[in-house]
$ cat run_39.cif   # mmCIF, C-alpha atoms and all ligand atoms
data_data
#
loop_
_atom_site.label_atom_id
_atom_site.label_comp_id
_atom_site.auth_asym_id
_atom_site.auth_seq_id
_atom_site.Cartn_x
_atom_site.Cartn_y
_atom_site.Cartn_z
CA MET A 1 90.76 -16.38 100.12
CA GLN A 2 89.75 -19.60 101.79
CA GLN A 3 87.99 -21.57 99.08
CA THR A 4 84.79 -23.19 100.25
CA MET A 5 81.63 -24.78 98.98
CA ARG A 6 78.23 -25.08 100.54
CA TRP A 7 77.12 -28.55 101.56
CA PHE A 8 73.57 -29.23 102.67
CA GLY A 9 74.53 -32.14 104.90
CA PRO A 10 74.38 -35.93 104.59
CA GLN A 11 71.19 -35.84 102.52
CA ASP A 12 72.83 -33.63 99.86
CA SER A 13 73.33 -35.52 96.60
CA VAL A 14 76.58 -33.58 96.23
CA LYS A 15 78.98 -35.45 98.47
CA LEU A 16 81.91 -34.21 100.52
CA LEU A 17 84.22 -36.17 98.25
CA ASP A 18 82.84 -34.25 95.26
CA ILE A 19 83.54 -30.99 97.04
CA LYS A 20 87.00 -32.11 97.96
CA GLN A 21 87.69 -33.05 94.35
CA ALA A 22 86.35 -29.67 93.22
CA GLY A 23 89.33 -28.24 95.08
CA ALA A 24 87.58 -26.63 98.01
CA ALA A 25 89.24 -26.74 101.42
CA GLY A 26 86.42 -25.44 103.53
CA ILE A 27 82.83 -26.39 104.06
CA VAL A 28 79.93 -24.05 104.58
CA THR A 29 76.99 -25.83 106.12
CA ALA A 30 74.22 -25.81 108.69
CA LEU A 31 72.38 -28.26 110.88
CA HIS A 32 69.29 -28.08 108.71
CA GLN A 33 67.65 -30.88 110.67
CA ILE A 34 67.32 -28.73 113.79
CA PRO A 35 64.06 -26.74 113.82
CA VAL A 36 64.55 -22.98 113.55
CA GLY A 37 64.83 -21.47 117.03
CA GLU A 38 66.18 -24.54 118.81
CA ILE A 39 69.67 -24.78 120.28
CA TRP A 40 72.50 -26.29 118.25
CA THR A 41 74.11 -28.48 120.88
CA VAL A 42 77.82 -29.21 121.09
CA PRO A 43 77.37 -32.96 120.36
CA ALA A 44 75.26 -32.17 117.26
CA ILE A 45 77.87 -29.70 116.01
CA LYS A 46 80.74 -32.07 116.77
CA GLU A 47 79.09 -34.96 115.01
CA ARG A 48 78.78 -32.92 111.81
CA GLN A 49 82.25 -31.53 112.21
CA GLN A 50 83.66 -35.04 112.49
CA ILE A 51 82.00 -36.18 109.25
CA ILE A 52 83.52 -33.21 107.47
CA LYS A 53 86.92 -33.79 109.02
CA GLU A 54 86.92 -37.43 107.96
CA ALA A 55 86.46 -36.24 104.38
CA GLY A 56 89.63 -34.17 104.73
CA LEU A 57 87.73 -30.88 104.90
CA GLU A 58 87.00 -28.31 107.55
CA TRP A 59 83.70 -26.70 108.52
CA ILE A 60 84.62 -23.03 108.61
CA VAL A 61 81.42 -21.10 108.06
CA VAL A 62 77.88 -21.63 109.30
CA GLU A 63 75.25 -20.79 106.72
CA SER A 64 72.80 -20.19 108.12
CA LEU A 65 72.09 -20.10 111.80
CA PRO A 66 68.50 -19.19 111.00
CA VAL A 67 66.65 -16.48 112.87
CA HIS A 68 63.18 -17.42 114.10
CA GLU A 69 60.33 -15.42 112.57
CA GLU A 70 59.26 -14.40 116.08
CA ILE A 71 62.63 -12.69 116.59
CA LYS A 72 62.09 -10.80 113.33
CA ARG A 73 58.68 -9.71 114.54
CA ALA A 74 59.67 -9.32 118.24
CA THR A 75 56.63 -11.27 119.36
CA GLY A 76 55.74 -14.54 121.05
CA ASN A 77 58.72 -16.49 122.31
CA TYR A 78 61.31 -14.21 120.76
CA LEU A 79 63.23 -13.67 123.99
CA LEU A 80 63.63 -17.40 124.44
CA TYR A 81 64.72 -17.78 120.80
CA ILE A 82 67.31 -15.04 121.29
CA GLU A 83 68.65 -16.87 124.36
CA ASN A 84 68.83 -20.05 122.31
CA TYR A 85 70.63 -18.20 119.54
CA LYS A 86 73.24 -16.99 122.01
CA ILE A 87 73.84 -20.53 123.24
CA SER A 88 74.21 -21.75 119.67
CA ILE A 89 76.80 -19.03 119.00
CA LYS A 90 78.70 -20.05 122.12
CA ASN A 91 78.53 -23.75 121.20
CA LEU A 92 79.70 -23.14 117.65
CA SER A 93 82.56 -20.98 118.90
CA ASP A 94 83.55 -23.59 121.45
CA CYS A 95 83.83 -26.03 118.57
CA GLY A 96 86.06 -23.57 116.69
CA ILE A 97 83.48 -22.43 114.11
CA LYS A 98 83.58 -18.67 114.22
CA VAL A 99 81.86 -17.26 111.16
CA ILE A 100 78.09 -17.26 111.38
CA THR A 101 75.92 -16.26 108.45
CA TYR A 102 72.27 -15.39 108.85
CA ASN A 103 69.68 -13.22 107.20
CA PHE A 104 66.78 -11.10 108.32
CA MET A 105 64.45 -11.53 105.35
CA PRO A 106 60.90 -12.12 106.57
CA ILE A 107 59.43 -15.52 105.67
CA LEU A 108 61.21 -16.20 102.39
CA ASP A 109 64.89 -16.53 101.61
CA TRP A 110 66.01 -15.85 98.03
CA VAL A 111 63.33 -15.61 95.36
CA ARG A 112 63.44 -16.33 91.62
CA THR A 113 60.56 -16.74 89.19
CA ASN A 114 62.40 -19.15 86.86
CA HIS A 115 64.83 -21.79 88.09
CA ASN A 116 65.58 -23.09 84.62
CA PHE A 117 66.33 -20.23 82.28
CA VAL A 118 68.12 -21.86 79.34
CA ASN A 119 71.44 -20.26 78.44
CA GLU A 120 72.77 -20.37 74.88
CA ASP A 121 74.87 -23.44 75.63
CA GLY A 122 71.94 -25.32 77.19
CA SER A 123 72.98 -24.88 80.80
CA LYS A 124 70.35 -23.42 83.09
CA ALA A 125 70.29 -20.36 85.32
CA LEU A 126 68.10 -18.77 87.97
CA LEU A 127 66.14 -15.72 86.83
CA TYR A 128 63.92 -13.07 88.38
CA ASN A 129 61.26 -11.45 86.23
CA GLN A 130 59.24 -8.74 87.95
CA ASP A 131 56.26 -9.21 85.61
CA ALA A 132 56.20 -12.92 86.44
CA PHE A 133 56.42 -12.15 90.12
CA THR A 134 53.64 -9.57 89.94
CA TYR A 135 51.51 -12.03 88.01
CA PHE A 136 52.09 -14.60 90.75
CA ASP A 137 51.32 -12.11 93.49
CA VAL A 138 48.23 -10.46 92.01
CA TYR A 139 46.62 -13.18 89.94
CA LEU A 140 47.78 -16.51 91.37
CA LEU A 141 48.34 -15.95 95.08
CA LYS A 142 45.80 -13.10 95.18
CA ARG A 143 47.31 -11.62 98.30
CA PRO A 144 44.85 -9.37 100.17
CA ASN A 145 45.24 -5.66 99.31
CA VAL A 146 47.81 -6.53 96.70
CA GLU A 147 46.30 -3.96 94.29
CA ASN A 148 47.87 -1.10 96.23
CA ASP A 149 51.39 -2.42 95.81
CA TYR A 150 51.52 -2.18 92.03
CA SER A 151 50.72 0.49 89.47
CA GLU A 152 48.12 -0.09 86.75
CA THR A 153 50.88 -0.46 84.16
CA GLU A 154 52.68 -3.03 86.29
CA LYS A 155 49.48 -5.04 86.64
CA GLU A 156 48.79 -4.82 82.90
CA ASN A 157 52.31 -5.99 82.09
CA ALA A 158 51.91 -8.83 84.54
CA LEU A 159 48.59 -9.87 83.03
CA GLN A 160 50.11 -9.78 79.59
CA PHE A 161 52.94 -12.01 80.84
CA GLY A 162 50.51 -14.43 82.49
CA SER A 163 48.29 -14.68 79.42
CA GLN A 164 51.14 -16.46 77.63
CA LEU A 165 51.56 -19.14 80.28
CA SER A 166 50.08 -22.61 80.12
CA GLU A 167 48.47 -24.04 83.26
CA GLU A 168 51.59 -26.10 83.82
CA GLU A 169 53.81 -23.06 83.56
CA LYS A 170 51.64 -21.24 86.04
CA ALA A 171 51.96 -24.12 88.48
CA LEU A 172 55.72 -24.07 88.01
CA LEU A 173 55.88 -20.33 88.64
CA PHE A 174 53.95 -20.89 91.85
CA LYS A 175 56.35 -23.58 92.92
CA ASN A 176 59.45 -21.58 92.05
CA VAL A 177 58.40 -18.53 94.00
CA LEU A 178 57.29 -20.51 97.04
CA LEU A 179 60.50 -22.49 97.29
CA GLY A 180 61.17 -23.54 100.86
CA LEU A 181 64.12 -22.31 102.86
CA PRO A 182 67.63 -23.39 101.79
CA GLY A 183 68.25 -26.99 102.72
CA SER A 184 64.55 -27.80 102.76
CA LYS A 185 62.84 -29.63 99.95
CA ILE A 186 59.38 -28.62 101.06
CA ASN A 187 57.76 -25.66 99.39
CA PHE A 188 55.42 -23.25 101.12
CA THR A 189 51.76 -23.64 100.28
CA ALA A 190 49.60 -20.64 99.38
CA GLU A 191 47.70 -21.01 102.67
CA GLN A 192 50.92 -21.02 104.68
CA ILE A 193 52.27 -17.94 102.93
CA LEU A 194 49.03 -16.03 103.30
CA SER A 195 48.86 -16.75 106.98
CA LEU A 196 52.54 -15.88 107.51
CA LEU A 197 52.02 -12.63 105.63
CA GLU A 198 49.21 -11.70 107.94
CA ASP A 199 51.64 -11.89 110.85
CA TYR A 200 53.67 -9.15 109.19
CA ALA A 201 50.75 -6.82 108.56
CA ASP A 202 51.91 -4.34 111.21
CA ILE A 203 55.61 -4.56 110.53
CA ASP A 204 57.16 -1.98 108.28
CA ASN A 205 60.83 -1.37 107.47
CA ALA A 206 61.36 0.83 110.54
CA LYS A 207 59.94 -1.80 112.87
CA LEU A 208 61.84 -4.66 111.27
CA ARG A 209 65.07 -2.67 111.52
CA GLU A 210 64.37 -1.93 115.16
CA ASN A 211 63.92 -5.65 115.76
CA LEU A 212 67.14 -6.51 113.97
CA ILE A 213 69.04 -3.95 116.00
CA TYR A 214 67.55 -5.26 119.21
CA PHE A 215 68.56 -8.79 118.22
CA LEU A 216 72.09 -7.62 117.40
CA THR A 217 72.53 -5.73 120.65
CA GLN A 218 71.54 -8.91 122.45
CA ILE A 219 73.85 -11.29 120.61
CA ALA A 220 76.85 -9.00 119.98
CA PRO A 221 78.26 -9.31 123.53
CA ILE A 222 78.22 -13.11 123.29
CA ALA A 223 79.80 -13.06 119.86
CA SER A 224 82.45 -10.70 121.21
CA GLU A 225 83.13 -12.86 124.25
CA TYR A 226 83.61 -15.97 122.14
CA GLY A 227 85.31 -14.38 119.14
CA ALA A 228 82.48 -15.14 116.72
CA LYS A 229 81.81 -13.04 113.64
CA LEU A 230 78.29 -12.38 112.49
CA ALA A 231 77.74 -12.05 108.75
CA ILE A 232 74.33 -10.85 107.67
CA HIS A 233 73.35 -11.95 104.19
CA PRO A 234 71.76 -9.21 102.08
CA ASP A 235 68.22 -9.47 100.81
CA ASP A 236 67.89 -11.39 97.58
CA PRO A 237 66.50 -9.78 95.49
CA PRO A 238 67.45 -6.48 97.12
CA PHE A 239 63.93 -5.04 97.31
CA SER A 240 60.59 -5.76 98.91
CA VAL A 241 58.61 -8.80 97.76
CA LEU A 242 55.00 -9.66 98.63
CA GLY A 243 54.71 -6.29 100.37
CA LEU A 244 57.13 -7.51 103.06
CA PRO A 245 59.61 -5.18 104.72
CA ARG A 246 63.24 -5.62 103.70
CA ILE A 247 66.10 -3.85 105.39
CA VAL A 248 69.37 -5.32 104.09
CA SER A 249 69.11 -4.24 100.47
CA THR A 250 71.00 -0.98 100.03
CA GLU A 251 74.16 0.75 101.19
CA GLU A 252 72.03 2.98 103.45
CA ASP A 253 70.62 -0.17 105.04
CA LEU A 254 74.12 -1.46 105.74
CA LYS A 255 75.12 1.87 107.23
CA ALA A 256 72.12 1.86 109.58
CA ILE A 257 72.89 -1.67 110.77
CA PHE A 258 76.60 -1.06 111.26
CA ASP A 259 76.15 2.33 112.92
CA ALA A 260 73.63 0.95 115.37
CA VAL A 261 75.93 -1.79 116.62
CA PRO A 262 79.40 -0.44 115.97
CA PHE A 263 81.57 -3.51 116.42
CA ASN A 264 83.38 -5.29 113.61
CA LEU A 265 81.84 -8.58 114.62
CA ASN A 266 78.51 -7.11 113.48
CA GLY A 267 79.40 -7.73 109.86
CA LEU A 268 78.39 -8.69 106.40
CA CYS A 269 78.26 -11.67 104.10
CA TYR A 270 79.40 -9.77 101.02
CA CYS A 271 77.18 -11.37 98.38
CA THR A 272 78.02 -9.79 95.04
CA GLY A 273 75.01 -11.42 93.39
CA SER A 274 72.44 -10.12 95.86
CA LEU A 275 73.84 -6.62 96.32
CA GLY A 276 74.81 -6.37 92.66
CA ALA A 277 71.24 -6.96 91.46
CA ASN A 278 70.48 -3.38 92.49
CA PRO A 279 72.42 -1.09 90.11
CA ASP A 280 72.41 1.67 92.72
CA ASN A 281 74.61 -0.37 95.04
CA SER A 282 78.31 0.11 94.45
CA LEU A 283 80.06 -3.14 95.27
CA GLU A 284 83.40 -1.35 95.23
CA ARG A 285 82.28 1.33 97.63
CA ILE A 286 80.95 -1.29 100.02
CA ILE A 287 84.47 -2.75 100.24
CA ASP A 288 85.94 0.73 100.77
CA ASP A 289 83.41 1.67 103.42
CA TYR A 290 82.91 -1.59 105.23
CA GLY A 291 85.95 -3.74 104.44
CA ASP A 292 86.49 -4.42 108.14
CA ARG A 293 82.90 -5.70 108.44
CA ILE A 294 83.18 -8.25 105.67
CA HIS A 295 83.51 -11.75 107.15
CA PHE A 296 82.40 -13.99 104.31
CA LEU A 297 82.29 -13.71 100.52
CA HIS A 298 79.64 -14.98 98.13
CA LEU A 299 81.05 -14.41 94.67
CA ARG A 300 78.75 -14.60 91.69
CA ASN A 301 77.48 -12.40 88.92
CA THR A 302 74.17 -11.24 87.54
CA PHE A 303 73.03 -9.83 84.25
CA ARG A 304 70.18 -7.33 83.98
CA GLU A 305 68.28 -8.02 80.82
CA SER A 306 65.99 -5.07 81.38
CA GLU A 307 64.69 -2.94 84.21
CA THR A 308 62.48 -5.80 85.31
CA ILE A 309 64.53 -8.92 84.62
CA PHE A 310 67.83 -10.09 86.01
CA ARG A 311 69.39 -13.50 85.81
CA GLU A 312 72.43 -15.18 87.23
CA SER A 313 75.32 -15.18 84.80
CA GLU A 314 78.73 -16.78 84.57
CA HIS A 315 80.87 -15.97 87.56
CA LEU A 316 83.36 -14.01 85.48
CA LYS A 317 80.89 -12.43 83.07
CA GLY A 318 78.00 -10.17 83.93
CA ASP A 319 77.17 -6.70 85.16
CA THR A 320 79.78 -6.94 87.90
CA LYS A 321 83.41 -6.71 86.92
CA ILE A 322 84.38 -9.48 89.26
CA GLU A 323 88.10 -9.02 88.55
CA ILE A 324 87.91 -5.53 90.03
CA ILE A 325 86.11 -6.87 93.08
CA VAL A 326 88.58 -9.72 93.61
CA GLU A 327 91.51 -7.34 93.27
CA LYS A 328 90.02 -4.98 95.84
CA LEU A 329 89.34 -7.90 98.16
CA LEU A 330 92.90 -9.17 97.85
CA LEU A 331 94.26 -5.70 98.63
CA LEU A 332 91.95 -5.54 101.63
CA MET A 333 93.11 -8.93 102.87
CA ASN A 334 96.76 -7.94 102.39
CA LYS A 335 96.05 -5.10 104.76
CA THR A 336 93.96 -6.91 107.36
CA LYS A 337 96.00 -10.14 107.16
CA VAL A 338 92.74 -12.09 107.28
CA SER A 339 92.08 -14.67 104.60
CA LEU A 340 88.34 -14.40 104.09
CA PRO A 341 86.32 -17.50 103.33
CA MET A 342 84.65 -17.33 99.94
CA ARG A 343 82.31 -19.58 98.03
CA PRO A 344 81.10 -19.41 94.45
CA ASP A 345 77.51 -19.06 95.74
CA HIS A 346 75.28 -20.44 92.98
CA GLY A 347 76.24 -22.05 89.69
CA PHE A 348 74.52 -23.01 86.45
CA LEU A 349 72.83 -26.38 86.13
CA HIS A 350 74.92 -28.20 83.52
CA SER A 351 73.49 -31.09 81.53
CA VAL A 352 75.78 -33.56 83.31
CA ASP A 353 73.94 -32.74 86.54
CA ALA A 354 70.46 -32.38 85.05
CA THR A 355 69.15 -35.75 86.19
CA LYS A 356 70.52 -35.47 89.72
CA GLU A 357 68.37 -34.18 92.49
CA THR A 358 70.11 -31.01 93.59
CA TYR A 359 68.99 -27.79 95.26
CA PRO A 360 68.33 -25.01 92.75
CA GLY A 361 71.62 -23.17 92.18
CA TYR A 362 73.59 -25.86 94.00
CA SER A 363 74.50 -28.54 91.50
CA LEU A 364 78.12 -29.67 91.50
CA VAL A 365 79.60 -28.90 88.11
CA GLY A 366 78.29 -25.34 87.79
CA ARG A 367 79.75 -24.42 91.15
CA LEU A 368 82.96 -26.31 90.44
CA LYS A 369 83.33 -24.21 87.29
CA GLY A 370 82.71 -21.03 89.26
CA LEU A 371 85.18 -22.02 91.94
CA ALA A 372 87.85 -22.99 89.42
CA GLU A 373 87.45 -19.73 87.53
CA LEU A 374 87.57 -17.65 90.68
CA ARG A 375 90.59 -19.56 91.91
CA GLY A 376 92.44 -18.82 88.68
CA LEU A 377 91.41 -15.19 88.83
CA GLU A 378 92.68 -14.91 92.38
CA MET A 379 96.00 -16.52 91.50
CA GLY A 380 96.53 -14.22 88.53
CA ILE A 381 95.70 -11.08 90.46
CA ALA A 382 97.76 -12.14 93.49
CA TYR A 383 100.73 -12.74 91.16
CA LYS A 384 100.30 -9.34 89.57
CA LEU A 385 100.15 -7.69 92.99
CA THR A 386 103.36 -9.36 94.19
CA GLN A 387 105.13 -8.36 90.98
CA LEU A 388 103.99 -4.80 91.45
CA SER A 389 105.07 -4.63 95.07
CA ALA A 390 108.49 -6.10 94.17
CA GLU A 391 109.09 -3.34 91.62
C1 LIG B 1 72.22 -18.09 99.76
C2 LIG B 1 71.19 -17.63 100.75
O1 LIG B 1 71.38 -19.71 98.34
C3 LIG B 1 71.58 -18.53 98.51
O2 LIG B 1 71.29 -17.64 97.72
O3 LIG B 1 73.14 -17.11 99.46
O4 LIG B 1 70.14 -18.50 100.77
C4 LIG B 1 71.82 -17.54 102.09
O5 LIG B 1 72.27 -18.81 102.46
C5 LIG B 1 70.97 -17.09 103.21
O6 LIG B 1 70.18 -16.01 102.86
C6 LIG B 1 71.85 -16.73 104.37
O7 LIG B 1 71.11 -16.66 105.52
MN MN B 2 74.53 -15.15 98.53
#

$ encode --input "run_39.cif" --output "structure tokens"
Amino acid sequence: MQQTMRWFGPQDSVKLLDIKQAGAAGIVTALHQIPVGEIWTVPAIKERQQIIKEAGLEWIVVESLPVHEEIKRATGNYLLYIENYKISIKNLSDCGIKVITYNFMPILDWVRTNHNFVNEDGSKALLYNQDAFTYFDVYLLKRPNVENDYSETEKENALQFGSQLSEEEKALLFKNVLLGLPGSKINFTAEQILSLLEDYADIDNAKLRENLIYFLTQIAPIASEYGAKLAIHPDDPPFSVLGLPRIVSTEEDLKAIFDAVPFNLNGLCYCTGSLGANPDNSLERIIDDYGDRIHFLHLRNTFRESETIFRESEHLKGDTKIEIIVEKLLLLMNKTKVSLPMRPDHGFLHSVDATKETYPGYSLVGRLKGLAELRGLEMGIAYKLTQLSAE
């Protein structure tokens, strides 16, 4: 595997030197300063590439080339935004950056209700609690028609949860859920979210999927021409939030996307944390079924405390047997002869990083620990596999 770490660009408090010293060889980043929908020009890409090169690293994956909301809804200027997207793919490919990650989650990216769940050792993890989310949705945001989306029991449980929160904790919950997009430090406001939600009133899963497939049929020929690989990131969490459609959550979703545009370049960012948060998804089967579609690996683990709560756990310890996954991935790569880029995705917030201003999930030491553990795991399994094949 090509070991990488995400870097949010020059304004990231985690520096390229830190990433280099963590042992990563590759950088995963994006031009977060460019407004969503605009073209990533060759000079802008080259400038960033140069900074990374000077640090002795290489930019090998784009995460994310974001998809404009109008493309997701197939309205307004979406045709122009698709044209721009194609040019950005061409420009990135011309600069030698061939793996492009994106997602098709309406409005929000990943969602957690608690960014600071305290582990036994004092480090902090990201957690999703459905009761907290429902409380936010029904009683804090008060989304129109929200009543229909939850059962009476769910609302009662949520109210019970909310009754234990102080005003400060409620404000924090609000802030956590309405976290801005990755790389942005600006949260959504309630007004913004409510107005954005209105735009999705007529869009259900079928329509959103149709729009994704249209988008893919438009960009696939360009990706093919320039040798780019598209890696869709699964929904996180892998189910609907705020009544929004979500179409990259289950194995059936993946099948529909891959069947509709049957080229390998129409592929997946295999995020074990996102897909693994739904116990019905089989991470192993996804490798068996779609190994040739996997272009990028996000390796992390989650732990389901109950039917309604999951939290991020240590990379090697959680509901996913990551050693089985890594072994299967190594066998796959032995076959395809492609060394897939991987990153440890999120990490815990360790006390050494607690006073630094980092993006939730993206402090240095927690990810360094994840990367180091995964690196050791890979080495051990690779050694075992060579021993076995020598026998
Ligand atoms: C990432 C996602 O931070 C994360 O959880 O895995 O935000 C990911 O970058 C995007 O969804 C990809 O478009
Ligand atoms: Mn991920």

$ residues_around --input "run_39.cif" --residues "range 139-152 of chain A" --least-positions-apart "4" --cutoff "7 Å" --atoms "all atoms listed in the file" --output "PyMOL selection string"
chain A and resi 135+156+190+194+243

$ closest_atom_pairs --input "run_39.cif" --of "chain A" --to "ligand MN 2 (chain B)" --cutoff "6 Å" --atoms "all atoms listed in the file" --output "Markdown table"
| residue | atom | partner | partner_atom | distance |
| --- | --- | --- | --- | --- |
| A:Cys271 | CA | B:MN2 | MN | 4.6 |
| A:His298 | CA | B:MN2 | MN | 5.1 |
| A:Asp345 | CA | B:MN2 | MN | 5.7 |

$ closest_residue --input "run_39.cif" --among "A:Gly37, A:Gly183, A:Pro237, A:Gly318" --to "Gln11 in chain A" --atoms "all atoms listed in the file"
A:Gly183

$ closest_atom_pairs --input "run_39.cif" --of "chain A" --to "ligand LIG 1 (chain B)" --cutoff "8 Å" --atoms "only C-alpha atoms and all ligand atoms" --output "JSON lines"
{"residue": "A:Glu63", "atom": "CA", "partner": "B:LIG1", "partner_atom": "O5", "distance": 5.6}
{"residue": "A:Ser64", "atom": "CA", "partner": "B:LIG1", "partner_atom": "O7", "distance": 4.7}
{"residue": "A:Leu65", "atom": "CA", "partner": "B:LIG1", "partner_atom": "O7", "distance": 7.2}
{"residue": "A:Pro66", "atom": "CA", "partner": "B:LIG1", "partner_atom": "O7", "distance": 6.6}
{"residue": "A:Thr101", "atom": "CA", "partner": "B:LIG1", "partner_atom": "O7", "distance": 5.6}
{"residue": "A:Tyr102", "atom": "CA", "partner": "B:LIG1", "partner_atom": "O7", "distance": 3.7}
{"residue": "A:Asn103", "atom": "CA", "partner": "B:LIG1", "partner_atom": "O7", "distance": 4.1}
{"residue": "A:Phe104", "atom": "CA", "partner": "B:LIG1", "partner_atom": "O7", "distance": 7.6}
{"residue": "A:Met105", "atom": "CA", "partner": "B:LIG1", "partner_atom": "O6", "distance": 7.7}
{"residue": "A:Asp109", "atom": "CA", "partner": "B:LIG1", "partner_atom": "O6", "distance": 5.5}
{"residue": "A:Trp110", "atom": "CA", "partner": "B:LIG1", "partner_atom": "O2", "distance": 5.6}
{"residue": "A:Leu181", "atom": "CA", "partner": "B:LIG1", "partner_atom": "O4", "distance": 7.4}
{"residue": "A:Pro182", "atom": "CA", "partner": "B:LIG1", "partner_atom": "O4", "distance": 5.6}
{"residue": "A:Ile232", "atom": "CA", "partner": "B:LIG1", "partner_atom": "O7", "distance": 7.0}
{"residue": "A:His233", "atom": "CA", "partner": "B:LIG1", "partner_atom": "C6", "distance": 5.0}
{"residue": "A:Pro234", "atom": "CA", "partner": "B:LIG1", "partner_atom": "O6", "distance": 7.0}
{"residue": "A:Asp235", "atom": "CA", "partner": "B:LIG1", "partner_atom": "O6", "distance": 7.1}
{"residue": "A:Asp236", "atom": "CA", "partner": "B:LIG1", "partner_atom": "O2", "distance": 7.1}
{"residue": "A:Cys271", "atom": "CA", "partner": "B:LIG1", "partner_atom": "O3", "distance": 7.1}
{"residue": "A:Ser274", "atom": "CA", "partner": "B:LIG1", "partner_atom": "O2", "distance": 7.8}
{"residue": "A:His298", "atom": "CA", "partner": "B:LIG1", "partner_atom": "O3", "distance": 7.0}
{"residue": "A:Asp345", "atom": "CA", "partner": "B:LIG1", "partner_atom": "O3", "distance": 6.1}
{"residue": "A:His346", "atom": "CA", "partner": "B:LIG1", "partner_atom": "O1", "distance": 6.7}
{"residue": "A:Gly361", "atom": "CA", "partner": "B:LIG1", "partner_atom": "O1", "distance": 7.1}
{"residue": "A:Tyr362", "atom": "CA", "partner": "B:LIG1", "partner_atom": "O1", "distance": 7.8}

$ closest_atom_pairs --input "run_39.cif" --of "range 287-386 of chain A" --to "range 16-23 of chain A" --cutoff "9 Å" --atoms "only C-alpha atoms" --output "tab-separated table"
residue	atom	partner	partner_atom	distance
A:Leu364	CA	A:Asp18	CA	7.6
A:Val365	CA	A:Ala22	CA	8.5
A:Arg367	CA	A:Ala22	CA	8.7
A:Leu368	CA	A:Ala22	CA	5.5
A:Lys369	CA	A:Ala22	CA	8.6
A:Leu371	CA	A:Ala22	CA	7.8
A:Ala372	CA	A:Ala22	CA	7.8

$ residues_near_point --input "run_39.cif" --point "(59.4, -14.2, 107.6)" --cutoff "9 Å" --atoms "all atoms listed in the file" --output "list in words"
His68, Glu69, Glu70, Lys72, Arg73, Phe104, Met105, Pro106, Ile107, Leu108, Asp109, Leu196, Leu197, Asp199, Tyr200 and Leu244 of chain A

$ residues_around --input "run_39.cif" --residues "Leu92 in chain A" --least-positions-apart "2" --cutoff "10 Å" --atoms "only C-alpha atoms" --output "list in words"
Trp40, Thr41, Val42, Ile45, Lys46, Val61, Val62, Lys86, Ile87, Ser88, Ile89, Lys90, Asp94, Cys95, Gly96, Ile97, Lys98, Val99, Ile100, Tyr226 and Ala228 of chain A

$ residues_around --input "run_39.cif" --residues "Lys15 in chain A" --least-positions-apart "6" --cutoff "12 Å" --atoms "all atoms listed in the file" --output "PyMOL selection string"
chain A and resi 5-9+21-22+27+51-52+55+57+358+362-364

$ atom_distance --input "run_39.cif" --atom1 "CA of Leu331 in chain A" --atom2 "CA of Gly267 in chain A"
18.7 Å

$ closest_residue --input "run_39.cif" --among "A:Met1, A:Ala158, A:Leu179, A:Ala24" --to "His295 in chain A" --atoms "all atoms listed in the file"
A:Met1

$ atom_distance --input "run_39.cif" --atom1 "CA of Pro262 in chain A" --atom2 "CA of Glu210 in chain A"
15.1 Å

$ closest_residue --input "run_39.cif" --among "A:Thr134, A:Gln49, A:Asn116, A:Asn301" --to "Gly162 in chain A" --atoms "only C-alpha atoms"
A:Thr134

$ closest_residue --input "run_39.cif" --among "A:Arg246, A:Lys185, A:Lys328, A:Lys124" --to "Tyr359 in chain A" --atoms "all atoms listed in the file"
A:Lys185

$ closest_residue --input "run_39.cif" --among "A:Ala132, A:Ile322, A:Met342, A:Leu216" --to "Leu173 in chain A" --atoms "only C-alpha atoms"
A:Ala132

$ atom_distance --input "run_39.cif" --atom1 "CA of Arg112 in chain A" --atom2 "CA of Gly376 in chain A"
29.3 Å

$ residues_around --input "run_39.cif" --residues "Leu330 in chain A" --least-positions-apart "3" --cutoff "12 Å" --atoms "only C-alpha atoms" --output "number ranges by chain"
A: 1-2, 287, 291, 297, 323-327, 333-342, 377-386

$ build_atoms --input "run_39.cif" --residues "range 111-117 of chain A" --atoms "N, CA and C atoms" --output "PDB file, in the coordinates of the input"
ATOM      1  N   VAL A 111      64.491 -15.372  96.219  1.00  0.00           N
ATOM      2  CA  VAL A 111      63.330 -15.610  95.360  1.00  0.00           C
ATOM      3  C   VAL A 111      63.702 -15.448  93.882  1.00  0.00           C
ATOM      4  N   ARG A 112      63.311 -16.442  93.077  1.00  0.00           N
ATOM      5  CA  ARG A 112      63.440 -16.330  91.620  1.00  0.00           C
ATOM      6  C   ARG A 112      62.130 -16.818  91.008  1.00  0.00           C
ATOM      7  N   THR A 113      61.801 -16.291  89.839  1.00  0.00           N
ATOM      8  CA  THR A 113      60.560 -16.740  89.190  1.00  0.00           C
ATOM      9  C   THR A 113      60.822 -17.918  88.236  1.00  0.00           C
ATOM     10  N   ASN A 114      62.070 -18.052  87.782  1.00  0.00           N
ATOM     11  CA  ASN A 114      62.400 -19.150  86.860  1.00  0.00           C
ATOM     12  C   ASN A 114      63.698 -19.806  87.344  1.00  0.00           C
ATOM     13  N   HIS A 115      63.624 -21.096  87.625  1.00  0.00           N
ATOM     14  CA  HIS A 115      64.830 -21.790  88.090  1.00  0.00           C
ATOM     15  C   HIS A 115      65.571 -22.459  86.941  1.00  0.00           C
ATOM     16  N   ASN A 116      64.995 -22.373  85.759  1.00  0.00           N
ATOM     17  CA  ASN A 116      65.580 -23.090  84.620  1.00  0.00           C
ATOM     18  C   ASN A 116      65.641 -22.257  83.360  1.00  0.00           C
ATOM     19  N   PHE A 117      66.125 -21.049  83.468  1.00  0.00           N
ATOM     20  CA  PHE A 117      66.330 -20.230  82.280  1.00  0.00           C
ATOM     21  C   PHE A 117      67.425 -20.909  81.449  1.00  0.00           C
TER      22      PHE A 117
END
